[in-house]
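First the structure, in the form of structure tokens, and then the observations on it.
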Amino acid sequence: MIVKAIKTRKFLPPQDNLEKLLSENIKYLKEKSIVVVTSKVVAIGEGNCMEVSKTDKDKLIIEESDKYLSRELSPEGLVIQTIKHNMLIASAGVDESNGDGYFVLWPKNPQVSAKKIWEFLKEKFNLENFGVLITDSRLTPLRAGVVGYAIGYFGFKPLKDYRGKSDLFGREFKMETSNIPDSLASAAVLEMGEGAECQPLAIISDVDYIEFIQEEFKPKTPDDDLNIQFEKDMFYPFLSKVDWKNGGSGKKG
């Protein structure tokens, strides 16, 4: 697998031209590549920003979340723990870093955003088999530091399924699957950086195990879905013991 981060100009809040940024910085794209785009530039491209001086951050986070925990439950009150789009994240993705006086939110619908980018690049480069990944960063339990993960993807199946296959000694796998979007996102974000690198794009190539598709992935069963139902998650014993409140998105849906 080869990951190449792409340095660009500054992408300016509250709104900038994402298609122009892609066109200026991706001159060639080959089949079976993955184009990685940070959620921040996608959101800025969609104009999904709020001016810091005119916005109450906590109210904005709660409005953007599906579910949230009171800030006082977070160690030192540093973040508001939230669930958004079936992902456990800090502050519903609301971020002030590299925002130049604006809070940058997540794209409204990351899956739809990924599809739009895929369609634009498909037409531009006349490709059939390639993917798009929209990334952000998150903390993981009992580990310091953030890692990249996928908040949206398009053009490939998200799971590599080992179930029914044998391990080295002939034992059959019962539940093993590999999470492809988050694995790719972690590698890409490491290359793109978290600070002032100004590398919001990356291209991943030479990944042999990805199954590319030209449509939205629709799981046939819950076991084929990247998202896990709350009650079936391995971390449910912990998630269920705290007082989740409905956020703005949760009340709407």
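Each chain in the structure tokens gets a letter, A, B and so on, in the order shown; residues start at 1 in every chain, and ligands are counted from 1 in the order they appear.
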
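Residues within 8 Å of stretch 15-19 of chain A, counting only C-alpha atoms and excluding same-chain residues fewer than 4 positions away, are Phe11, Ser23, Val41, Val42, Ile44, Gly45, Glu46, Gly47, Asn48, Cys49, Ile117 and Phe120 of chain A.
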
Need the shell around A:Lys30: protein/DNA/RNA residues with any atom at most 10 Å away, counting only C-alpha atoms. Skip same-chain ones fewer than 2 positions apart. Format as a list in words?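 Everything that qualifies: Tyr28, Lys32, Ser33, Ile34, Phe125, Asn126, Leu127, Glu128, Asn129, Phe130, Ile203 and Ser205 of chain A.
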
Can you pull out every residue from stretch 16-202 of chain A that DSSP, working from the backbone, puts in strand (DSSP E or B), and format the result as number ranges by chain? A: 34-38, 49-51, 67-68, 81-84, 87-90, 95, 102-104, 131-139, 146-154, 156, 159-161, 166, 172, 177-179, 201-202

Next, dump the selected residues to file, keeping only C-alpha atoms, as a PDB file, in the first residue's frame.
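Result went into result_12.pdb, see below:
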ATOM      1  CA  ILE A  34      -8.576   5.738  -3.017  1.00  0.00           C
ATOM      2  CA  VAL A  35      -8.866   9.530  -2.836  1.00  0.00           C
ATOM      3  CA  VAL A  36      -8.802  10.742   0.759  1.00  0.00           C
ATOM      4  CA  VAL A  37     -10.276  14.119   1.716  1.00  0.00           C
ATOM      5  CA  THR A  38     -10.423  15.543   5.238  1.00  0.00           C
ATOM      6  CA  CYS A  49     -19.085  26.728   9.258  1.00  0.00           C
ATOM      7  CA  MET A  50     -20.160  28.990  12.121  1.00  0.00           C
ATOM      8  CA  GLU A  51     -18.428  32.189  13.238  1.00  0.00           C
ATOM      9  CA  LYS A  67     -26.761  11.986  21.574  1.00  0.00           C
ATOM     10  CA  TYR A  68     -24.489  13.676  24.089  1.00  0.00           C
ATOM     11  CA  GLN A  81     -18.795  13.261  24.448  1.00  0.00           C
ATOM     12  CA  THR A  82     -21.231  12.704  21.607  1.00  0.00           C
ATOM     13  CA  ILE A  83     -22.633  10.152  19.200  1.00  0.00           C
ATOM     14  CA  LYS A  84     -23.145  11.355  15.627  1.00  0.00           C
ATOM     15  CA  MET A  87     -19.934   7.173  15.716  1.00  0.00           C
ATOM     16  CA  LEU A  88     -18.622   7.979  19.179  1.00  0.00           C
ATOM     17  CA  ILE A  89     -16.685  11.234  18.852  1.00  0.00           C
ATOM     18  CA  ALA A  90     -15.746  14.345  20.786  1.00  0.00           C
ATOM     19  CA  ASP A  95     -13.664  21.946  15.468  1.00  0.00           C
ATOM     20  CA  TYR A 102     -14.865  29.758  12.475  1.00  0.00           C
ATOM     21  CA  PHE A 103     -16.094  26.507  13.932  1.00  0.00           C
ATOM     22  CA  VAL A 104     -15.929  23.947  11.150  1.00  0.00           C
ATOM     23  CA  GLY A 131     -12.941   5.016  -4.027  1.00  0.00           C
ATOM     24  CA  VAL A 132     -13.378   8.168  -1.967  1.00  0.00           C
ATOM     25  CA  LEU A 133     -12.800   8.447   1.766  1.00  0.00           C
ATOM     26  CA  ILE A 134     -13.719  11.372   4.039  1.00  0.00           C
ATOM     27  CA  THR A 135     -11.679  11.408   7.243  1.00  0.00           C
ATOM     28  CA  ASP A 136     -11.478  12.969  10.674  1.00  0.00           C
ATOM     29  CA  SER A 137      -9.527  12.120  13.832  1.00  0.00           C
ATOM     30  CA  ARG A 138     -10.618  10.628  17.132  1.00  0.00           C
ATOM     31  CA  LEU A 139      -9.361   9.327  20.432  1.00  0.00           C
ATOM     32  CA  VAL A 146      -5.675  10.704  17.961  1.00  0.00           C
ATOM     33  CA  VAL A 147      -5.932   8.405  14.961  1.00  0.00           C
ATOM     34  CA  GLY A 148      -7.661   8.903  11.645  1.00  0.00           C
ATOM     35  CA  TYR A 149     -10.997   7.301  10.898  1.00  0.00           C
ATOM     36  CA  ALA A 150     -13.593   7.401   8.173  1.00  0.00           C
ATOM     37  CA  ILE A 151     -16.804   9.385   8.485  1.00  0.00           C
ATOM     38  CA  GLY A 152     -17.856   8.753   4.883  1.00  0.00           C
ATOM     39  CA  TYR A 153     -16.819   6.569   1.960  1.00  0.00           C
ATOM     40  CA  PHE A 154     -17.958   5.575  -1.519  1.00  0.00           C
ATOM     41  CA  PHE A 156     -15.868   0.117  -2.346  1.00  0.00           C
ATOM     42  CA  LEU A 159     -15.565  -4.948   5.234  1.00  0.00           C
ATOM     43  CA  LYS A 160     -13.111  -7.698   4.398  1.00  0.00           C
ATOM     44  CA  ASP A 161     -14.873 -10.814   5.614  1.00  0.00           C
ATOM     45  CA  SER A 166      -9.813 -21.049   8.184  1.00  0.00           C
ATOM     46  CA  GLU A 172     -12.873 -21.532  11.289  1.00  0.00           C
ATOM     47  CA  THR A 177     -13.976  -8.898   9.694  1.00  0.00           C
ATOM     48  CA  SER A 178     -11.539  -6.108   8.787  1.00  0.00           C
ATOM     49  CA  ASN A 179     -12.758  -2.503   8.825  1.00  0.00           C
ATOM     50  CA  LEU A 201      -5.810  15.380   0.410  1.00  0.00           C
ATOM     51  CA  ALA A 202      -4.125  12.033  -0.096  1.00  0.00           C
TER      52      ALA A 202
END

Give the helix (DSSP H, G or I) residues of stretch 61-174 of chain A, as assigned by DSSP on the backbone, as a PyMOL selection string. chain A and resi 61-64+71-73+75-77+91-93+110-125

Export C-alpha atoms of the chosen residues as a PDB file, in the first residue's frame?
ATOM      1  CA  ILE A  61     -22.228  20.789  19.743  1.00  0.00           C
ATOM      2  CA  ILE A  62     -25.490  19.652  21.325  1.00  0.00           C
ATOM      3  CA  GLU A  63     -27.463  20.750  18.269  1.00  0.00           C
ATOM      4  CA  GLU A  64     -25.071  18.863  15.978  1.00  0.00           C
ATOM      5  CA  ARG A  71     -19.583  18.276  29.752  1.00  0.00           C
ATOM      6  CA  GLU A  72     -18.961  17.755  33.495  1.00  0.00           C
ATOM      7  CA  LEU A  73     -18.762  14.001  32.866  1.00  0.00           C
ATOM      8  CA  PRO A  75     -12.303  14.556  32.565  1.00  0.00           C
ATOM      9  CA  GLU A  76     -11.529  18.209  33.312  1.00  0.00           C
ATOM     10  CA  GLY A  77     -14.525  19.139  31.150  1.00  0.00           C
ATOM     11  CA  SER A  91     -17.880  17.448  20.337  1.00  0.00           C
ATOM     12  CA  ALA A  92     -19.947  16.136  17.383  1.00  0.00           C
ATOM     13  CA  GLY A  93     -17.055  16.949  15.063  1.00  0.00           C
ATOM     14  CA  PRO A 110     -20.741  12.490   4.786  1.00  0.00           C
ATOM     15  CA  GLN A 111     -21.897   9.530   2.689  1.00  0.00           C
ATOM     16  CA  VAL A 112     -23.642  11.832   0.205  1.00  0.00           C
ATOM     17  CA  SER A 113     -20.584  14.114   0.182  1.00  0.00           C
ATOM     18  CA  ALA A 114     -18.306  11.159  -0.611  1.00  0.00           C
ATOM     19  CA  LYS A 115     -20.594  10.121  -3.463  1.00  0.00           C
ATOM     20  CA  LYS A 116     -20.543  13.643  -4.949  1.00  0.00           C
ATOM     21  CA  ILE A 117     -16.739  13.741  -4.866  1.00  0.00           C
ATOM     22  CA  TRP A 118     -16.623  10.265  -6.441  1.00  0.00           C
ATOM     23  CA  GLU A 119     -18.958  11.346  -9.258  1.00  0.00           C
ATOM     24  CA  PHE A 120     -16.881  14.478  -9.916  1.00  0.00           C
ATOM     25  CA  LEU A 121     -13.610  12.529 -10.081  1.00  0.00           C
ATOM     26  CA  LYS A 122     -15.157   9.720 -12.128  1.00  0.00           C
ATOM     27  CA  GLU A 123     -16.155  12.187 -14.827  1.00  0.00           C
ATOM     28  CA  LYS A 124     -12.879  14.101 -14.663  1.00  0.00           C
ATOM     29  CA  PHE A 125     -10.618  11.049 -14.974  1.00  0.00           C
TER      30      PHE A 125
END

Need the shell around A:Val52: protein/DNA/RNA residues with any atom at most 12 Å away, counting only C-alpha atoms. Skip same-chain ones fewer than 5 positions apart. Format as an mmCIF file with N, CA, C and O atoms, in the first residue's frame?
data_model
loop_
_atom_site.group_PDB
_atom_site.id
_atom_site.type_symbol
_atom_site.label_atom_id
_atom_site.label_comp_id
_atom_site.auth_asym_id
_atom_site.auth_seq_id
_atom_site.Cartn_x
_atom_site.Cartn_y
_atom_site.Cartn_z
ATOM 1 N N PRO A 13 -12.307 29.058 5.287
ATOM 2 C CA PRO A 13 -13.670 29.192 5.800
ATOM 3 C C PRO A 13 -14.154 30.622 5.581
ATOM 4 O O PRO A 13 -13.330 31.537 5.474
ATOM 5 N N PRO A 14 -15.460 30.868 5.530
ATOM 6 C CA PRO A 14 -16.526 29.897 5.783
ATOM 7 C C PRO A 14 -16.915 29.055 4.574
ATOM 8 O O PRO A 14 -17.651 28.100 4.721
ATOM 9 N N LYS A 57 -20.467 27.562 21.693
ATOM 10 C CA LYS A 57 -19.914 26.283 21.250
ATOM 11 C C LYS A 57 -20.678 25.086 21.806
ATOM 12 O O LYS A 57 -20.992 24.139 21.072
ATOM 13 N N ASP A 58 -20.994 25.120 23.097
ATOM 14 C CA ASP A 58 -21.685 23.970 23.688
ATOM 15 C C ASP A 58 -23.065 23.773 23.074
ATOM 16 O O ASP A 58 -23.479 22.634 22.799
ATOM 17 N N LEU A 60 -23.948 24.627 20.092
ATOM 18 C CA LEU A 60 -23.732 24.145 18.734
ATOM 19 C C LEU A 60 -23.428 22.647 18.741
ATOM 20 O O LEU A 60 -23.976 21.893 17.929
ATOM 21 N N VAL A 94 -17.414 19.246 15.848
ATOM 22 C CA VAL A 94 -17.250 20.702 15.801
ATOM 23 C C VAL A 94 -15.805 21.041 16.169
ATOM 24 O O VAL A 94 -15.317 20.671 17.236
ATOM 25 N N ASP A 95 -15.103 21.739 15.304
ATOM 26 C CA ASP A 95 -13.664 21.946 15.468
ATOM 27 C C ASP A 95 -13.296 23.388 15.151
ATOM 28 O O ASP A 95 -13.763 23.965 14.170
ATOM 29 N N GLU A 96 -12.441 23.953 16.001
ATOM 30 C CA GLU A 96 -11.991 25.335 15.813
ATOM 31 C C GLU A 96 -10.597 25.409 15.201
ATOM 32 O O GLU A 96 -10.204 26.448 14.661
ATOM 33 N N SER A 97 -9.834 24.321 15.253
ATOM 34 C CA SER A 97 -8.460 24.344 14.744
ATOM 35 C C SER A 97 -8.459 24.521 13.230
ATOM 36 O O SER A 97 -9.286 23.962 12.514
ATOM 37 N N GLY A 99 -9.485 26.862 11.617
ATOM 38 C CA GLY A 99 -10.765 27.405 11.184
ATOM 39 C C GLY A 99 -10.763 28.899 10.951
ATOM 40 O O GLY A 99 -11.766 29.446 10.474
ATOM 41 N N ASP A 100 -9.675 29.590 11.331
ATOM 42 C CA ASP A 100 -9.538 31.029 11.076
ATOM 43 C C ASP A 100 -10.742 31.823 11.575
ATOM 44 O O ASP A 100 -11.324 32.636 10.858
ATOM 45 N N GLY A 101 -11.111 31.558 12.843
ATOM 46 C CA GLY A 101 -12.215 32.300 13.443
ATOM 47 C C GLY A 101 -13.579 31.666 13.248
ATOM 48 O O GLY A 101 -14.592 32.261 13.620
ATOM 49 N N TYR A 102 -13.609 30.470 12.688
ATOM 50 C CA TYR A 102 -14.865 29.758 12.475
ATOM 51 C C TYR A 102 -14.809 28.367 13.113
ATOM 52 O O TYR A 102 -13.751 27.731 13.141
ATOM 53 N N PHE A 103 -15.938 27.914 13.626
ATOM 54 C CA PHE A 103 -16.094 26.507 13.932
ATOM 55 C C PHE A 103 -16.403 25.793 12.617
ATOM 56 O O PHE A 103 -17.304 26.208 11.881
ATOM 57 N N VAL A 104 -15.655 24.752 12.331
ATOM 58 C CA VAL A 104 -15.929 23.947 11.150
ATOM 59 C C VAL A 104 -16.653 22.689 11.616
ATOM 60 O O VAL A 104 -16.150 21.944 12.451
ATOM 61 N N LEU A 105 -17.823 22.454 11.068
ATOM 62 C CA LEU A 105 -18.632 21.309 11.440
ATOM 63 C C LEU A 105 -18.300 20.126 10.536
ATOM 64 O O LEU A 105 -17.429 20.226 9.667
#

Determine, counting only C-alpha atoms, which protein, DNA and RNA residues have an atom within 12 Å of an atom of A:Lys232; residues of the same chain fewer than 6 positions away are not included. Present the result as a list in words.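 In the requested format, the answer is Pro222, Asp223, Leu239 and Ser240 of chain A.
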
Interatomic distance, atom CA of A:Arg143 to atom CA of A:Ser249 (Å, one decimal): 28.6 Å

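When only C-alpha atoms are used to measure the gap to A:Leu21, the shortest distance among A:Pro200, A:Lys220, A:Pro158, A:Phe173 belongs to A:Pro200.
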